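The next block is run_20.cif, given as mmCIF, C-alpha atoms.
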```cif
data_model
loop_
_atom_site.group_PDB
_atom_site.id
_atom_site.type_symbol
_atom_site.label_atom_id
_atom_site.label_comp_id
_atom_site.auth_asym_id
_atom_site.auth_seq_id
_atom_site.Cartn_x
_atom_site.Cartn_y
_atom_site.Cartn_z
ATOM 1 C CA MET A 1 102.168 7.499 37.463
ATOM 2 C CA ASN A 2 102.460 7.892 33.726
ATOM 3 C CA GLU A 3 98.919 7.728 32.323
ATOM 4 C CA LEU A 4 100.173 6.494 28.938
ATOM 5 C CA LEU A 5 101.820 3.482 30.559
ATOM 6 C CA LEU A 6 98.778 2.708 32.681
ATOM 7 C CA SER A 7 96.584 2.809 29.599
ATOM 8 C CA SER A 8 99.120 0.760 27.674
ATOM 9 C CA ILE A 9 99.419 -2.008 30.237
ATOM 10 C CA HIS A 10 95.664 -2.481 30.198
ATOM 11 C CA GLU A 11 95.609 -2.457 26.398
ATOM 12 C CA VAL A 12 98.405 -5.023 26.117
ATOM 13 C CA PHE A 13 97.127 -7.415 28.772
ATOM 14 C CA GLU A 14 93.428 -7.127 28.048
ATOM 15 C CA ASN A 15 93.382 -6.839 24.254
ATOM 16 C CA HIS A 16 96.567 -8.593 23.146
ATOM 17 C CA PHE A 17 96.870 -11.270 25.832
ATOM 18 C CA SER A 18 93.121 -11.570 26.682
ATOM 19 C CA MET A 19 93.932 -11.204 30.383
ATOM 20 C CA PRO A 20 91.690 -8.686 32.154
ATOM 21 C CA LEU A 21 93.525 -6.858 34.917
ATOM 22 C CA LYS A 22 92.171 -5.465 38.120
ATOM 23 C CA PRO A 23 93.846 -3.591 40.984
ATOM 24 C CA CYS A 24 95.179 -5.809 43.763
ATOM 25 C CA PRO A 25 95.141 -4.754 47.401
ATOM 26 C CA SER A 26 98.702 -6.065 47.764
ATOM 27 C CA VAL A 27 101.345 -7.977 45.892
ATOM 28 C CA PRO A 28 101.981 -11.548 47.075
ATOM 29 C CA ALA A 29 105.268 -12.035 48.925
ATOM 30 C CA GLU A 30 106.841 -14.124 46.170
ATOM 31 C CA GLU A 31 109.528 -13.962 43.530
ATOM 32 C CA GLY A 32 108.825 -12.813 40.028
ATOM 33 C CA TYR A 33 110.611 -12.070 36.778
ATOM 34 C CA ALA A 34 111.467 -8.385 36.390
ATOM 35 C CA ALA A 35 112.483 -6.423 33.314
ATOM 36 C CA ALA A 36 113.157 -2.719 32.982
ATOM 37 C CA ILE A 37 113.108 -0.346 30.066
ATOM 38 C CA PRO A 38 114.209 3.299 29.972
ATOM 39 C CA PHE A 39 111.951 5.922 28.454
ATOM 40 C CA SER A 40 111.580 9.675 28.422
ATOM 41 C CA ASP A 41 108.539 11.861 28.315
ATOM 42 C CA ALA A 42 107.709 15.483 29.102
ATOM 43 C CA GLU A 43 108.617 14.838 32.747
ATOM 44 C CA GLY A 44 112.146 13.650 31.929
ATOM 45 C CA GLU A 45 114.051 10.378 31.798
ATOM 46 C CA LYS A 46 112.396 7.474 33.566
ATOM 47 C CA GLU A 47 112.513 3.722 33.835
ATOM 48 C CA ALA A 48 109.568 1.343 33.794
ATOM 49 C CA LEU A 49 110.018 -1.933 35.637
ATOM 50 C CA ILE A 50 107.561 -4.743 35.065
ATOM 51 C CA TRP A 51 107.509 -7.610 37.550
ATOM 52 C CA LEU A 52 105.502 -10.752 36.725
ATOM 53 C CA GLN A 53 104.795 -13.840 38.772
ATOM 54 C CA ARG A 54 105.990 -17.012 37.063
ATOM 55 C CA PRO A 55 102.486 -18.514 36.440
ATOM 56 C CA LEU A 56 101.405 -15.329 34.657
ATOM 57 C CA LEU A 57 104.573 -15.300 32.555
ATOM 58 C CA GLU A 58 104.106 -18.994 31.754
ATOM 59 C CA LYS A 59 100.582 -18.238 30.505
ATOM 60 C CA ILE A 60 102.024 -15.530 28.237
ATOM 61 C CA ALA A 61 104.697 -17.997 27.011
ATOM 62 C CA LEU A 62 101.985 -20.455 26.053
ATOM 63 C CA LEU A 63 100.013 -17.734 24.303
ATOM 64 C CA LEU A 64 102.902 -16.144 22.385
ATOM 65 C CA LEU A 65 105.361 -19.004 21.971
ATOM 66 C CA GLY A 66 103.238 -22.117 22.280
ATOM 67 C CA GLU A 67 105.558 -23.324 25.065
ATOM 68 C CA GLU A 68 103.927 -25.178 27.941
ATOM 69 C CA SER A 69 107.063 -25.523 30.087
ATOM 70 C CA PRO A 70 109.411 -22.627 29.282
ATOM 71 C CA ASP A 71 112.836 -22.630 30.898
ATOM 72 C CA GLY A 72 114.224 -19.775 32.962
ATOM 73 C CA ALA A 73 116.087 -18.191 30.047
ATOM 74 C CA THR A 74 112.914 -18.112 27.956
ATOM 75 C CA LEU A 75 110.984 -16.540 30.831
ATOM 76 C CA ALA A 76 113.708 -13.912 31.278
ATOM 77 C CA ASP A 77 113.581 -13.018 27.580
ATOM 78 C CA LEU A 78 109.807 -12.954 27.671
ATOM 79 C CA ALA A 79 109.751 -10.613 30.681
ATOM 80 C CA ALA A 80 111.878 -8.153 28.696
ATOM 81 C CA GLU A 81 109.572 -8.570 25.699
ATOM 82 C CA VAL A 82 106.496 -7.822 27.832
ATOM 83 C CA ALA A 83 108.195 -4.622 29.018
ATOM 84 C CA ASN A 84 108.897 -3.785 25.375
ATOM 85 C CA PHE A 85 105.239 -4.438 24.449
ATOM 86 C CA VAL A 86 103.924 -2.170 27.194
ATOM 87 C CA VAL A 87 106.315 0.751 26.726
ATOM 88 C CA GLY A 88 106.195 0.391 22.928
ATOM 89 C CA HIS A 89 102.419 0.649 22.999
ATOM 90 C CA ALA A 90 102.681 3.762 25.196
ATOM 91 C CA LYS A 91 105.066 5.250 22.635
ATOM 92 C CA MET A 92 102.511 4.620 19.859
ATOM 93 C CA GLU A 93 99.766 6.253 21.946
ATOM 94 C CA ALA A 94 102.034 9.245 22.606
ATOM 95 C CA SER A 95 102.773 9.591 18.906
ATOM 96 C CA ASP A 96 99.054 9.544 18.096
ATOM 97 C CA LYS A 97 98.595 12.413 20.574
ATOM 98 C CA ASN A 98 101.702 14.342 19.402
ATOM 99 C CA ILE A 99 103.363 13.843 22.789
ATOM 100 C CA ALA A 100 107.146 13.526 22.942
ATOM 101 C CA PHE A 101 108.104 10.027 24.074
ATOM 102 C CA THR A 102 111.207 7.929 23.450
ATOM 103 C CA MET A 103 112.161 4.495 24.675
ATOM 104 C CA GLY A 104 115.290 2.447 25.061
ATOM 105 C CA THR A 105 116.042 -1.246 25.009
ATOM 106 C CA PRO A 106 114.514 -3.515 27.658
ATOM 107 C CA HIS A 107 116.757 -5.572 29.898
ATOM 108 C CA PHE A 108 116.104 -8.401 32.306
ATOM 109 C CA GLU A 109 116.648 -7.290 35.904
ATOM 110 C CA GLY A 110 116.462 -10.745 37.457
ATOM 111 C CA VAL A 111 114.189 -12.892 39.539
ATOM 112 C CA LEU A 112 113.264 -10.504 42.331
ATOM 113 C CA SER A 113 111.286 -10.783 45.514
ATOM 114 C CA SER A 114 108.152 -8.663 45.540
ATOM 115 C CA ASP A 115 109.523 -7.199 48.782
ATOM 116 C CA SER A 116 112.153 -5.387 46.689
ATOM 117 C CA LEU A 117 109.446 -3.455 44.811
ATOM 118 C CA SER A 118 109.275 -0.308 46.880
ATOM 119 C CA GLU A 119 106.540 1.348 44.895
ATOM 120 C CA GLY A 120 104.326 0.665 41.956
ATOM 121 C CA VAL A 121 100.846 -0.068 40.868
ATOM 122 C CA SER A 122 99.884 -3.703 41.125
ATOM 123 C CA PHE A 123 97.394 -5.520 38.965
ATOM 124 C CA CYS A 124 96.024 -9.041 39.089
ATOM 125 C CA ASP A 125 95.274 -11.451 36.356
ATOM 126 C CA THR A 126 92.392 -13.113 38.162
ATOM 127 C CA ASP A 127 93.443 -16.631 37.182
ATOM 128 C CA GLU A 128 97.207 -16.576 36.813
ATOM 129 C CA GLY A 129 98.859 -14.228 39.269
ATOM 130 C CA SER A 130 100.079 -10.725 39.858
ATOM 131 C CA MET A 131 102.199 -8.210 38.057
ATOM 132 C CA VAL A 132 103.572 -4.837 39.068
ATOM 133 C CA LEU A 133 104.401 -1.780 37.029
ATOM 134 C CA ARG A 134 106.840 0.575 38.746
ATOM 135 C CA ILE A 135 107.992 3.853 37.250
ATOM 136 C CA LYS A 136 110.888 5.816 38.678
ATOM 137 C CA ASP A 137 113.241 8.575 37.642
ATOM 138 C CA ALA A 138 116.161 7.150 35.682
ATOM 139 C CA ASN A 139 118.653 8.860 37.990
ATOM 140 C CA ALA A 140 117.135 7.266 41.112
ATOM 141 C CA ARG A 141 118.936 3.918 40.723
#
```

This entry written out as structure tokens:
Amino acid sequence: MNELLLSSIHEVFENHFSMPLKPCPSVPAEEGYAAAIPFSDAEGEKEALIWLQRPLLEKIALLLLGEESPDGATLADLAAEVANFVVGHAKMEASDKNIAFTMGTPHFEGVLSSDSLSEGVSFCDTDEGSMVLRIKDANAR
């Protein structure tokens, strides 16, 4: 797992969103909003996928947009923006450490069942739900 992204996801959720994360033993068997963003580092071209349960994404919508009842399109856009936040923060950390790191444009993958997430590191927001960060080689699609 990319240490920069792990550090970044904690930084974004804990310091920017005020949502402490902790490891979860498993991801709930539910649907969530997923967004992916390509990036490259010293290990090659990769893709980060971030999957968020709807209640967690709704809490972020309230925090960032002031929207209490966001529609599906807003949640889809917000999922992509969260991916951009996380990978963008990793890129800033890499730059500070003189590590090569580039990133592409995030895109919404869809509302996916957690069963479709074959691998990843899961985290819990203790009050609002789960999220998953999955990193895979870009050519493994």

Distance query 9 Å from (101.3, -7.0, 39.1) using all atoms listed in the file, result as a list of chain:residue names: A:Leu21, A:Pro23, A:Cys24, A:Val27, A:Ile50, A:Trp51, A:Leu52, A:Gln53, A:Gly120, A:Val121, A:Ser122, A:Phe123, A:Cys124, A:Asp125, A:Gly129, A:Ser130, A:Met131, A:Val132, A:Leu133

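Between CA of Ala35 in chain A and CA of Ser113 in chain A there is a distance of 13.0 Å.
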
Residue IDs satisfying the PyMOL selection byres ((chain A and resi 83) around 12), as a compact mmCIF listing (two decimals) with C-alpha atoms, in the frame of the given file:
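For reference, result-v8.txt as written:
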```txt
# COMPACT_ATOMS: atom_id res chain seq x y z
CA LEU A 5 101.82 3.48 30.56
CA SER A 8 99.12 0.76 27.67
CA ILE A 9 99.42 -2.01 30.24
CA VAL A 12 98.40 -5.02 26.12
CA PHE A 13 97.13 -7.42 28.77
CA TYR A 33 110.61 -12.07 36.78
CA ALA A 34 111.47 -8.38 36.39
CA ALA A 35 112.48 -6.42 33.31
CA ALA A 36 113.16 -2.72 32.98
CA ILE A 37 113.11 -0.35 30.07
CA PRO A 38 114.21 3.30 29.97
CA PHE A 39 111.95 5.92 28.45
CA GLU A 47 112.51 3.72 33.84
CA ALA A 48 109.57 1.34 33.79
CA LEU A 49 110.02 -1.93 35.64
CA ILE A 50 107.56 -4.74 35.06
CA TRP A 51 107.51 -7.61 37.55
CA LEU A 52 105.50 -10.75 36.72
CA LEU A 57 104.57 -15.30 32.56
CA ALA A 76 113.71 -13.91 31.28
CA ASP A 77 113.58 -13.02 27.58
CA LEU A 78 109.81 -12.95 27.67
CA ALA A 79 109.75 -10.61 30.68
CA ALA A 80 111.88 -8.15 28.70
CA GLU A 81 109.57 -8.57 25.70
CA VAL A 82 106.50 -7.82 27.83
CA ASN A 84 108.90 -3.78 25.38
CA PHE A 85 105.24 -4.44 24.45
CA VAL A 86 103.92 -2.17 27.19
CA VAL A 87 106.32 0.75 26.73
CA GLY A 88 106.20 0.39 22.93
CA HIS A 89 102.42 0.65 23.00
CA ALA A 90 102.68 3.76 25.20
CA MET A 103 112.16 4.50 24.68
CA GLY A 104 115.29 2.45 25.06
CA THR A 105 116.04 -1.25 25.01
CA PRO A 106 114.51 -3.52 27.66
CA HIS A 107 116.76 -5.57 29.90
CA PHE A 108 116.10 -8.40 32.31
CA GLU A 109 116.65 -7.29 35.90
CA MET A 131 102.20 -8.21 38.06
CA VAL A 132 103.57 -4.84 39.07
CA LEU A 133 104.40 -1.78 37.03
CA ARG A 134 106.84 0.57 38.75
CA ILE A 135 107.99 3.85 37.25
```

Nearest to Asn139 in chain A: which of A:Lys22, A:Asn2, A:Gly32, A:Gly44 is it, counting all atoms listed in the file? A:Gly44

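CA of Glu3 in chain A sits 11.7 Å away from CA of Lys91 in chain A.
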
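The space between CA of Ala100 in chain A and CA of Glu11 in chain A spans 20.0 Å.
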
Counting only C-alpha atoms, the residue of A:Ala42, A:Ala73, A:Ala138, A:Met92 that sits nearest Gly110 in chain A: A:Ala73

Here's a test: counting only C-alpha atoms, identify every protein, DNA and RNA residue with an atom at most 12 Å from (101.8, -16.8, 28.7) in the file's coordinate frame, and state them as an NGL selection string. :A and (13 or 16-19 or 52-70 or 74-75 or 78-79 or 81-82 or 125 or 127-129)

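Counting only C-alpha atoms, the residue from A:Ala29, A:Asp137, A:Asp41, A:Pro20 that sits nearest to Ile99 in chain A is A:Asp41.
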
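Residue nearest Ser7 in chain A, chosen from A:Val111, A:Leu117, A:Ser26, A:Glu93 and counting only C-alpha atoms: A:Glu93.
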
What are the centre and the three edge lengths of an axis-aligned box that wraps all atoms of range 33-49 of chain A in the file, given that 5 Å is added to every side, written as AutoDock Vina command-line options and rounded to one decimal in Å?
```
--center_x 111.0 --center_y 1.7 --center_z 32.5 --size_x 16.5 --size_y 37.6 --size_z 18.5
```

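The residue that comes closest to Asp115 in chain A, out of A:Glu45, A:Glu30, A:Asp71, A:Thr102 and on the basis of all atoms listed in the file, is A:Glu30.
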